[in-house]
Each structure stands twice: as structure tokens, then as C-alpha cells.
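Each remark here refers to the structure printed beneath this line.
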Amino acid sequence: MAYPETRRFGFVAALFALAAIAALPGCKEQADSAPAQQLAQVEVVTVTTQTVPDEPEFIGQAEASRPVEIRSQVTGILKAVLYTEGRDVKKGDRLYQIDPVPFQAAAASAKAKIAQAEAKVVQAKQDLARVKPLLVEQAVSQKDVDDAIAEDLSAKAALQGAKADLIKAQFDLDNTLITAPIEGLIERSRYYEGRLVSAQTDLLTVVHRVDPMYVVVSVPETFFLKRSHDIEAKKINHPGAYELRGVLTFMDGTIYPHEGVLDLMEPGMRTETGSRVERMTFPNPQRTLLPGQFVKVRLKGDAKPNAVLIPQRAVLQGPQGPFVYIVSPEERIEIRPVEASVWQGDQWLIDSGLKAGERVVVNGLMKIGPGAPVKAVPWGATPAEAAPSGPAKQG
């Protein structure tokens with residue numbers, strides 16, 4: 001009975017061996033069909049250098065190019081306000097009328113004094129003409145002649161004084177009518193009819209010349225120092241301060257259509273703010289700019305040579321500051337700290353950390369890490385350009 005059991009056991013073992021042998025080709029086929037691990041594909045830009053505008057922006061405040069205070073030259077009663085408040089006035093437009101009657105009387109009195117002085121001059125001249133021949137005949141003394149000469153000179157001096165009084169009286173009379181010294185926008189009146197105004201003391205109103213307009217900006221000392229160092233190091237192409245132009249942006253984001261020019265830099269720093277004041281002049285034909293208005297001022301004219309610009313999305317923030325991913329020549333990811341200064345449109349201006357020819361990752365940032373092997377394709381390439389070329393088909 002032992003023999004049949006042995007045969008049965010051998011038969012079962014043979015069946016398992018055959019099954020194992022039959023399974024081997026299937027396992028090999030599955031192993032061969034498993035796909036190889038694919039490299040992460042990233043889109044990159046190749047760093048290039050270029051010359052770009054360097055246009056710093058500051059907050060500025062508009063002010064009238066000529067704020068002229070209107071004060072009376074004479075003391076008197078304000079008789080009439082002759083302008084419409086808050087409107088444009090032309091040079092020579094009538095603004096105020098001071099009661100002219102007292103000044104008309106003073107002018108008339110001065111004219112009368114001139115007439116009296118002229119009569120005395122005539123009389124003194126005639127007296128001198130009479131006594132001079134009598135001196136030759138010794139009919140009068142030398143003292144009489146000297147007195148006649150003195151009287152003649154005194155009469156002439158009195159006439160000159162009377163004429164000067166008339167000039168002053170006429171000046172006061174003319175200034176009872178106050179006119180606009182410039183063209184511009186005029187404020188409300190501080191005083192009205194019936195008010196006694198004092199000469200050179202009481203401020204009646206102010207006329208603002210608003211075309212052109214000034215825009216004043218305060219530039220920090222730190223900016224001046226850095227800009228000076230960059231110009232000396234040839235990092236900035238600078239045409240000269242008074243060659244700079246200005247572009248205004250209103251607080252609602254709209255751009256002012258006229259450019260301005262830098263026309264004044266104060267000689268020194270303001271100790272209370274640690275800044276230097278610059279003034280730009282802008283045309284203002286439509287009265288768009290108003291005194292006291294705050295605007296953004298972008299200074300044009302400087303340029304930055306050998307600048308590196310990369311898309312904003314490529315710059316990431318880490319604990320140590322901004323950084324980018326670059327693809328090394330070995331097609332692996334490296335982290336590169338950079339110094340990103342300002343935006344230029346939709347790009348970052350990189351001051352340091354990158355050089356021409358390096359490849360910076362723009363898309364695919366979530367799929368990579370330091371040291372990871374990648375497949376780099378140009379940013380924005382078409383699928384056909386980015387797809388790898390497959391192996392040649394065998395016939």
C-alpha cells in the first residue's frame with residue numbers, strides 16, 4: 001500500500017512544479033510591461049540681461065506755482081467786492097474798491113499845493129531878477145541879493161515837495177481800486193463791504209496761478225545715498241537731475257496726461273524729516289491739478305544696464321528671503337537665493353543672485369524639490385515643442 005501513496009505524492013508535486021513553470025513567463029511579461037518612472041517636467045526661462053528704465057516713485061503734493069496774497073495798499077473802508085469767489089480771474093481784473101473819497105480829496109489838496117508852490121517860484125524868480133541890477137548900482141546890499149537867491153531856491157524846493165505829495169496822493173487814490181496782479185484761481189474774500197482794512201496788514205484774499213502747477217516730493221536720504229553709489233558704480237545711467245521727467249498718477253489710479261520736468265532741488269536736507277525736497281513743474285491747462293492734492297510721482301530718465309528680469313511667479317519667499325529654483329547643467333533642481341528689488345510690469349527686477357544663461361523654473365514648482373531630476377522645457381512652449389522625441393519605429 002505504500003507504493004500507491006508514493007506515486008500520488010509524486011504526481012501532486014509534479015503538478016505544482018508544472019504550475020510554477022507555467023507562471024514564470026506571465027510574471028516576466030508583467031515586469032517588462034511596468035512603466036519606468038517619468039521625470040517631472042518644468043517650464044523654465046533662460047536668464048538674459050538688458051537695459052531697463054529705473055523709475056522710482058514717490059508721494060507728492062501739488063501746489064500753485066504762484067500763490068499771491070491780495071492786501072490793500074491803503075487804509076480805508078471797503079466799499080465793494082468786485083469779483084466772483086472761487087473763479088478764474090485775469091490779470092488786471094477788478095477785485096476790491098476802497099472808498100476813494102478821502103483819497104480824491106488828498107489828491108486835490110496836493111494839486112492845490114503845487115499851484116501855490118509854482119506861484120511862489122515865479123515870485124521868487126522875479127524878486128531875484130529885480131535885486132541883481134540894484135546891487136551893481138549899490139542900491140541894495142549883498143544881503144538883499146543873497147536873501148532873494150535863497151528865497152528862489154526855497155520856492156523851487158517847495159514846488160518839488162508839493163509834486164511829491166501829489167505822486168503819493170495819486171498813488172493812494174489809484175490803489176483804492178485793487179486789481180488782480182496775475183491770472184489764476186481766486187479764493188473767497190476774507191472781508192466784505194463796510195470793513196475798515198489796514199494797509200499791508202489785512203489779507204483780503206489769495207490768487208493761485210495753477211497753470212503751470214508745482215508738485216513737491218520729499219525724497220528720503222537713504223534713497224539719495226544709494227542712488228549716488230549706484231551712479232558712481234555705473235549701475236545706473238543718469239542723465240543729470242534736471243533732465244529727469246515726471247509722470248503723475250492720481251489716487252484713483254488714473255494717469256495724468258502731461259509730463260512734468262524737475263526744476264528745483266533744495267540745496268540741503270530737511271532735518272525734521274531727513275529728506276530732500278524736489279519740485280517738478282507740470283502744465284495744467286484743464287485745471288485738473290489742484291493746490292494741496294496728493295499724487296504719485298514717477299521719475300523718468302534713469303536706466304539700469306545689465307538688468308535681470310524674471311516672471312514674478314518664479315520668485316518664492318522662504319525663511320531667509322526670496323529665492324528661485326534653477327535647473328543645473330546636470331538637469332537637477334537647485335535653490336538659489338536672490339535679491340528682488342522692484343516690479344517691472346509682471347516681472348521682478350533681480351539685483352543679485354542670477355547671471356545670464358541660467359535657467360529659472362517658472363511652472364511646475366509644486367512637483368519639484370532640491371536635487372530632483374527634471375525635464376526642462378521653455379516656458380510657454382507648445383506641446384509639440386515640449387514633447388520628447390520618441391525612439392525610431394523598427395520595421
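Here's how to read the names in the C-alpha cells: chain A, B, ... by the order shown, residue numbers from 1 in each chain, ligand numbers from 1 in the order shown.
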Within 10 Å of Lys355 (chain A) using only C-alpha atoms, minus same-chain residues under 5 positions, as a PyMOL selection string: chain A and resi 46-49+306-308+350
Sel. of strand (DSSP E or B) residues, region 56-292 of chain A, as a ChimeraX atom specification: /A:57-71,76-81,88-89,94-98,177-179,184-186,196-197,203-220,237,245-249,255,260-265,270,275-282
Those same residues, written as a tab-separated table (two decimals), in the first residue's frame with C-alpha atoms?
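See selection_5.tsv below for the written result:
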chain	number	residue	atom	x	y	z
A	57	GLU	CA	8.02	106.57	-7.37
A	58	PHE	CA	7.26	108.97	-4.54
A	59	ILE	CA	4.24	110.65	-2.99
A	60	GLY	CA	3.99	114.31	-3.93
A	61	GLN	CA	1.70	117.23	-3.21
A	62	ALA	CA	0.53	119.78	-5.75
A	63	GLU	CA	0.79	123.47	-5.06
A	64	ALA	CA	0.15	126.65	-7.03
A	65	SER	CA	3.16	127.93	-8.92
A	66	ARG	CA	2.34	131.46	-7.71
A	67	PRO	CA	0.15	131.99	-4.63
A	68	VAL	CA	-0.26	135.78	-4.49
A	69	GLU	CA	-1.71	137.42	-1.40
A	70	ILE	CA	-4.03	140.34	-2.03
A	71	ARG	CA	-3.68	143.16	0.52
A	76	GLY	CA	-9.80	152.72	4.26
A	77	ILE	CA	-13.35	151.44	4.21
A	78	LEU	CA	-14.05	148.51	1.89
A	79	LYS	CA	-16.77	149.75	-0.41
A	80	ALA	CA	-17.28	146.82	-2.82
A	81	VAL	CA	-16.13	143.25	-3.59
A	88	ASP	CA	-10.75	132.28	-12.69
A	89	VAL	CA	-9.56	135.87	-12.84
A	94	ARG	CA	-11.05	144.42	-10.61
A	95	LEU	CA	-11.24	142.75	-7.19
A	96	TYR	CA	-11.99	145.38	-4.50
A	97	GLN	CA	-12.93	149.03	-4.23
A	98	ILE	CA	-11.79	151.04	-1.22
A	177	LEU	CA	-9.15	150.05	-6.79
A	178	ILE	CA	-7.47	146.69	-6.18
A	179	THR	CA	-6.87	144.57	-9.30
A	184	GLY	CA	-5.37	132.31	-11.73
A	185	LEU	CA	-7.98	130.92	-9.38
A	186	ILE	CA	-9.11	133.26	-6.62
A	196	LEU	CA	-12.08	149.01	7.69
A	197	VAL	CA	-8.97	147.40	6.20
A	203	LEU	CA	-5.22	139.71	3.97
A	204	LEU	CA	-8.19	140.16	1.64
A	205	THR	CA	-7.83	137.00	-0.48
A	206	VAL	CA	-5.30	134.89	-2.41
A	207	VAL	CA	-4.95	134.33	-6.16
A	208	HIS	CA	-3.36	130.99	-7.17
A	209	ARG	CA	-1.65	130.61	-10.52
A	210	VAL	CA	-2.50	127.00	-11.37
A	211	ASP	CA	-1.06	126.75	-14.89
A	212	PRO	CA	1.63	125.58	-14.58
A	213	MET	CA	1.43	123.73	-11.28
A	214	TYR	CA	4.20	122.62	-8.94
A	215	VAL	CA	4.37	119.13	-7.44
A	216	VAL	CA	6.69	118.82	-4.45
A	217	VAL	CA	8.13	115.48	-3.34
A	218	SER	CA	10.30	114.59	-0.34
A	219	VAL	CA	12.99	112.08	-1.27
A	220	PRO	CA	14.49	110.11	1.66
A	237	ASN	CA	22.78	105.50	-16.23
A	245	ARG	CA	10.84	113.99	-16.15
A	246	GLY	CA	7.82	113.16	-14.03
A	247	VAL	CA	4.66	111.15	-14.58
A	248	LEU	CA	1.72	111.68	-12.23
A	249	THR	CA	-0.75	109.07	-11.05
A	255	ILE	CA	-2.53	108.74	-15.23
A	260	GLY	CA	6.50	117.40	-15.86
A	261	VAL	CA	10.12	118.47	-15.56
A	262	LEU	CA	12.32	118.69	-12.49
A	263	ASP	CA	13.13	122.37	-11.96
A	264	LEU	CA	14.29	122.64	-8.34
A	265	MET	CA	16.26	120.60	-5.82
A	270	ARG	CA	15.38	118.90	5.96
A	275	SER	CA	14.64	114.10	3.25
A	276	ARG	CA	15.45	116.38	0.34
A	277	VAL	CA	12.69	118.34	-1.35
A	278	GLU	CA	12.38	118.27	-5.14
A	279	ARG	CA	9.95	120.30	-7.22
A	280	MET	CA	8.51	119.44	-10.61
A	281	THR	CA	6.53	121.70	-12.93
A	282	PHE	CA	3.50	120.36	-14.79
Produce a table with one row for each residue of region 40-131 of chain A that has an atom at most 12 Å from any atom of region 143-162 of chain A, each row naming the nearest atom pair and its distance in Å at one decimal; use only C-alpha atoms; arrange rows by chain and rising residue number; format as CSV.
residue,atom,partner,partner_atom,distance
A:Ala106,CA,A:Ala162,CA,11.8
A:Ala107,CA,A:Ala162,CA,10.7
A:Ala108,CA,A:Ala162,CA,11.5
A:Ser109,CA,A:Ala162,CA,9.6
A:Ala110,CA,A:Ala162,CA,6.3
A:Lys111,CA,A:Ala162,CA,7.6
A:Ala112,CA,A:Ala162,CA,8.7
A:Lys113,CA,A:Ala162,CA,5.7
A:Ile114,CA,A:Ala162,CA,5.0
A:Ala115,CA,A:Leu159,CA,8.3
A:Gln116,CA,A:Leu159,CA,8.1
A:Ala117,CA,A:Leu159,CA,4.7
A:Glu118,CA,A:Leu159,CA,6.0
A:Ala119,CA,A:Ala155,CA,8.6
A:Lys120,CA,A:Ala155,CA,5.6
A:Val121,CA,A:Ala155,CA,4.7
A:Val122,CA,A:Asp152,CA,8.4
A:Gln123,CA,A:Asp152,CA,8.1
A:Ala124,CA,A:Asp152,CA,4.5
A:Lys125,CA,A:Asp152,CA,5.7
A:Gln126,CA,A:Asp152,CA,8.9
A:Asp127,CA,A:Ala148,CA,6.3
A:Leu128,CA,A:Ala148,CA,5.0
A:Ala129,CA,A:Ala148,CA,8.7
A:Arg130,CA,A:Val145,CA,9.3
A:Val131,CA,A:Val145,CA,5.9
Residues of the last selection are to be written out with C-alpha atoms, as a tab-separated table (two decimals), in the first residue's frame.
chain	number	residue	atom	x	y	z
A	106	ALA	CA	-5.94	164.38	-0.70
A	107	ALA	CA	-5.04	164.37	-4.38
A	108	ALA	CA	-6.93	167.63	-4.96
A	109	SER	CA	-5.18	169.21	-1.99
A	110	ALA	CA	-1.80	168.13	-3.33
A	111	LYS	CA	-2.59	169.71	-6.70
A	112	ALA	CA	-3.53	172.96	-4.96
A	113	LYS	CA	-0.26	172.98	-3.07
A	114	ILE	CA	1.58	172.55	-6.35
A	115	ALA	CA	-0.19	175.62	-7.72
A	116	GLN	CA	0.79	177.64	-4.65
A	117	ALA	CA	4.38	176.46	-4.88
A	118	GLU	CA	4.55	177.35	-8.56
A	119	ALA	CA	3.30	180.88	-7.76
A	120	LYS	CA	5.99	181.30	-5.12
A	121	VAL	CA	8.61	180.13	-7.57
A	122	VAL	CA	7.51	182.78	-10.04
A	123	GLN	CA	7.50	185.47	-7.36
A	124	ALA	CA	10.94	184.46	-6.05
A	125	LYS	CA	12.36	184.45	-9.56
A	126	GLN	CA	11.04	187.94	-10.23
A	127	ASP	CA	12.39	189.27	-6.91
A	128	LEU	CA	15.82	187.92	-7.69
A	129	ALA	CA	15.75	189.47	-11.13
A	130	ARG	CA	14.97	192.92	-9.63
A	131	VAL	CA	17.64	192.97	-6.92
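Distances to Ala105 (chain A) were evaluated for A:Ala356, A:Ala314, A:Val327, A:Ala169 using only C-alpha atoms, and the minimum falls at A:Ala169.
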DSSP helix (DSSP H, G or I) selection over region 196-252 of chain A, as a list in words: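 Selecting the helix (DSSP H, G or I) positions of region 196-252 of chain A gives Glu221, Thr222, Phe223, Phe224, Leu225, Lys226, Arg227, Ser228, His229, Asp230, Ile231, Glu232, Ala241, Tyr242 and Glu243 of chain A.
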Writing out the chosen residues with N, CA and C atoms as a tab-separated table (two decimals), in the first residue's frame:
chain	number	residue	atom	x	y	z
A	221	GLU	N	16.72	110.44	2.48
A	221	GLU	CA	18.18	110.50	2.39
A	221	GLU	C	18.76	109.15	1.99
A	222	THR	N	18.16	108.06	2.48
A	222	THR	CA	18.67	106.72	2.13
A	222	THR	C	18.61	106.49	0.63
A	223	PHE	N	17.56	106.98	-0.02
A	223	PHE	CA	17.46	106.82	-1.48
A	223	PHE	C	18.57	107.60	-2.18
A	224	PHE	N	18.80	108.83	-1.74
A	224	PHE	CA	19.85	109.64	-2.35
A	224	PHE	C	21.21	108.97	-2.23
A	225	LEU	N	21.49	108.42	-1.05
A	225	LEU	CA	22.78	107.79	-0.84
A	225	LEU	C	22.95	106.58	-1.76
A	226	LYS	N	21.94	105.72	-1.81
A	226	LYS	CA	22.04	104.52	-2.65
A	226	LYS	C	22.13	104.91	-4.12
A	227	ARG	N	21.33	105.89	-4.54
A	227	ARG	CA	21.36	106.29	-5.94
A	227	ARG	C	22.73	106.87	-6.31
A	228	SER	N	23.32	107.64	-5.41
A	228	SER	CA	24.65	108.20	-5.67
A	228	SER	C	25.69	107.10	-5.83
A	229	HIS	N	25.62	106.09	-4.94
A	229	HIS	CA	26.57	104.98	-5.03
A	229	HIS	C	26.37	104.20	-6.33
A	230	ASP	N	25.12	103.97	-6.71
A	230	ASP	CA	24.85	103.21	-7.94
A	230	ASP	C	25.32	103.97	-9.17
A	231	ILE	N	25.18	105.30	-9.17
A	231	ILE	CA	25.64	106.09	-10.32
A	231	ILE	C	27.16	106.03	-10.41
A	232	GLU	N	27.83	106.16	-9.27
A	232	GLU	CA	29.30	106.09	-9.27
A	232	GLU	C	29.79	104.72	-9.72
A	241	ALA	N	20.22	115.48	-12.98
A	241	ALA	CA	19.00	115.68	-12.20
A	241	ALA	C	17.96	116.50	-12.96
A	242	TYR	N	18.41	117.57	-13.61
A	242	TYR	CA	17.45	118.46	-14.25
A	242	TYR	C	17.04	117.99	-15.64
A	243	GLU	N	17.47	116.79	-16.02
A	243	GLU	CA	16.98	116.14	-17.23
A	243	GLU	C	15.85	115.15	-16.93
Closest of A:Asp172, A:Asp351, A:Glu43, A:Asp165 to Pro102 (chain A) - atom-to-atom distances counting only C-alpha atoms: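 Distance minimum relative to Pro102 (chain A) lands on A:Asp172.
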Gln312 (chain A) environment, 10 Å, only C-alpha atoms, sequence neighbours closer than 2 positions dropped, as an MDAnalysis selection string: chainID A and resid 309:310 314:316 340 343:349 362
